[in-house]
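> Structure: work30.csv, CSV, C-alpha atoms.
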```csv
chain,number,residue,atom,x,y,z
A,221,MET,CA,-126.6,66.6,68.9
A,222,ALA,CA,-124.4,67.6,65.9
A,223,LEU,CA,-121.4,65.4,65.2
A,224,PHE,CA,-119.4,68.3,63.9
A,225,LYS,CA,-119.4,71.8,65.4
A,226,LYS,CA,-119.0,74.7,63.2
A,227,ARG,CA,-115.8,76.4,64.3
A,228,THR,CA,-115.2,80.1,63.9
A,229,VAL,CA,-111.9,80.7,62.2
A,230,GLY,CA,-110.1,83.7,63.6
A,231,LYS,CA,-109.8,85.4,67.0
A,232,PRO,CA,-111.4,88.5,68.5
A,233,GLY,CA,-109.4,91.5,67.5
A,234,GLU,CA,-108.6,90.1,64.0
A,235,TRP,CA,-110.0,92.3,61.3
A,236,TYR,CA,-110.8,91.3,57.7
A,237,TYR,CA,-111.9,93.1,54.5
A,238,CYS,CA,-114.8,91.4,52.7
A,239,LEU,CA,-114.3,91.7,49.0
A,240,LEU,CA,-117.9,90.6,48.3
A,241,HIS,CA,-119.6,93.1,50.6
A,242,GLN,CA,-116.8,95.7,50.5
A,243,LYS,CA,-116.8,96.2,54.2
A,244,VAL,CA,-114.6,95.6,57.3
A,245,GLU,CA,-115.5,92.7,59.6
A,246,GLU,CA,-114.2,91.8,63.0
A,247,GLY,CA,-113.6,88.1,62.9
A,248,PRO,CA,-114.4,86.3,59.7
A,249,GLU,CA,-118.0,86.6,58.7
A,250,CYS,CA,-117.6,85.6,55.1
A,251,PRO,CA,-115.7,82.7,53.5
A,252,ALA,CA,-111.9,83.0,53.1
A,253,LYS,CA,-112.2,83.2,49.3
A,254,ASP,CA,-114.1,86.5,49.7
A,255,ARG,CA,-111.8,88.3,52.1
A,256,PHE,CA,-108.4,89.8,52.8
A,257,GLY,CA,-106.8,89.5,56.2
A,258,PRO,CA,-106.4,89.1,59.1
A,259,TYR,CA,-105.3,92.6,59.9
A,260,THR,CA,-104.3,93.8,63.4
A,261,SER,CA,-106.6,96.9,63.3
A,262,ARG,CA,-109.8,98.1,61.8
A,263,GLU,CA,-107.9,100.9,60.1
A,264,GLU,CA,-105.4,98.5,58.5
A,265,ALA,CA,-108.4,96.5,57.2
A,266,GLN,CA,-110.1,99.6,55.8
A,267,HIS,CA,-107.0,100.2,53.6
A,268,ALA,CA,-106.8,96.6,52.3
A,269,MET,CA,-107.6,97.5,48.7
A,270,ASP,CA,-105.1,100.4,48.7
A,271,THR,CA,-102.4,98.0,50.1
A,272,ALA,CA,-103.3,95.4,47.5
A,273,ARG,CA,-103.1,98.0,44.7
A,274,GLU,CA,-99.7,99.2,45.9
A,275,ARG,CA,-98.4,95.6,46.1
A,276,ASN,CA,-99.7,94.8,42.6
A,277,LEU,CA,-98.0,97.9,41.2
A,278,GLU,CA,-94.7,97.0,42.9
A,279,TRP,CA,-94.9,93.5,41.5
A,280,GLU,CA,-95.8,94.7,38.0
A,281,THR,CA,-92.9,97.1,37.8
A,282,ASP,CA,-90.3,94.8,39.4
A,283,PRO,CA,-87.8,93.8,36.7
A,284,LYS,CA,-86.8,90.6,38.5
A,285,TRP,CA,-90.3,89.2,37.8
A,286,HIS,CA,-90.1,89.6,34.1
A,287,ASP,CA,-88.1,87.5,31.7
A,288,ASP,CA,-86.7,90.3,29.6
A,289,GLY,CA,-85.6,92.4,32.6
A,290,THR,CA,-87.8,95.4,31.7
A,291,PRO,CA,-90.6,96.6,33.9
A,292,ARG,CA,-94.1,96.0,32.6
A,293,ASP,CA,-96.3,99.0,32.0
A,294,PRO,CA,-99.3,98.5,34.3
A,295,GLU,CA,-101.4,100.7,32.1
A,296,ALA,CA,-100.8,98.5,29.0
```
Before anything else, please render the file you have as structure tokens.

Amino acid sequence: MALFKKRTVGKPGEWYYCLLHQKVEEGPECPAKDRFGPYTSREEAQHAMDTARERNLEWETDPKWHDDGTPRDPEA
């Protein structure tokens, strides 16, 4: 008998986006370092990369996050 049981992190109905395999998973199948989530729906998880891209753009162009007060050009 094993001393330690491997516990599944997450609950049924939680959705994740695996960065390594570039696919949506119900419940975590891959390690936390390789996934975004949890999301409340499959559709939300399918758009994980779009959401991350939008949030990165917001951060990169937000003047309060830059010392000189000017937005950074994300294309530079």
> I want to know what sits within 9 Å of stretch 267-271 of chain A, based on only C-alpha atoms, with residues of the same chain fewer than 6 positions away left out; could you give that as number ranges by chain?
A: 236-237, 239, 256-257, 259
> Kindly give the distance, in Å, that separates atom CA of A:Ala252 and atom CA of A:Glu274, rounded to a single decimal.
21.5 Å
> Could you check which of A:Lys243, A:Pro283, A:Leu277, A:Cys238 is closest to A:Arg255, using all atoms listed in the file?
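Selected residue with least distance to A:Arg255: A:Cys238.
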> Between A:Glu263, A:Glu280, A:Glu246, A:Asp254, single out the one closest to A:Glu234, counting only C-alpha atoms.
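When distances to A:Glu234 are compared using only C-alpha atoms, the smallest one comes from A:Glu246.
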> Rounded to one decimal, what separation in Å do you get between atom CA of A:Arg275 and atom CA of A:Glu245?
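We find that atom CA of A:Arg275 and atom CA of A:Glu245 lie 22.0 Å from each other.
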> From the set A:Trp235, A:Asp282, A:Gln266, A:Thr260, which residue has the shortest atom-to-atom contact distance to A:Gly247, counting only C-alpha atoms?
A:Trp235
> Suppose you want the space between atom CA of A:Lys253 and atom CA of A:His241; what is it in Å?
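According to the coordinates, atom CA of A:Lys253 and atom CA of A:His241 are separated by 12.4 Å.
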> For a quick check of understanding, using only C-alpha atoms, which of A:Ala265, A:Pro258, A:Arg273, A:Trp279 has the smallest distance to A:Gln242?
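Closest to A:Gln242 of all the choices is A:Ala265.
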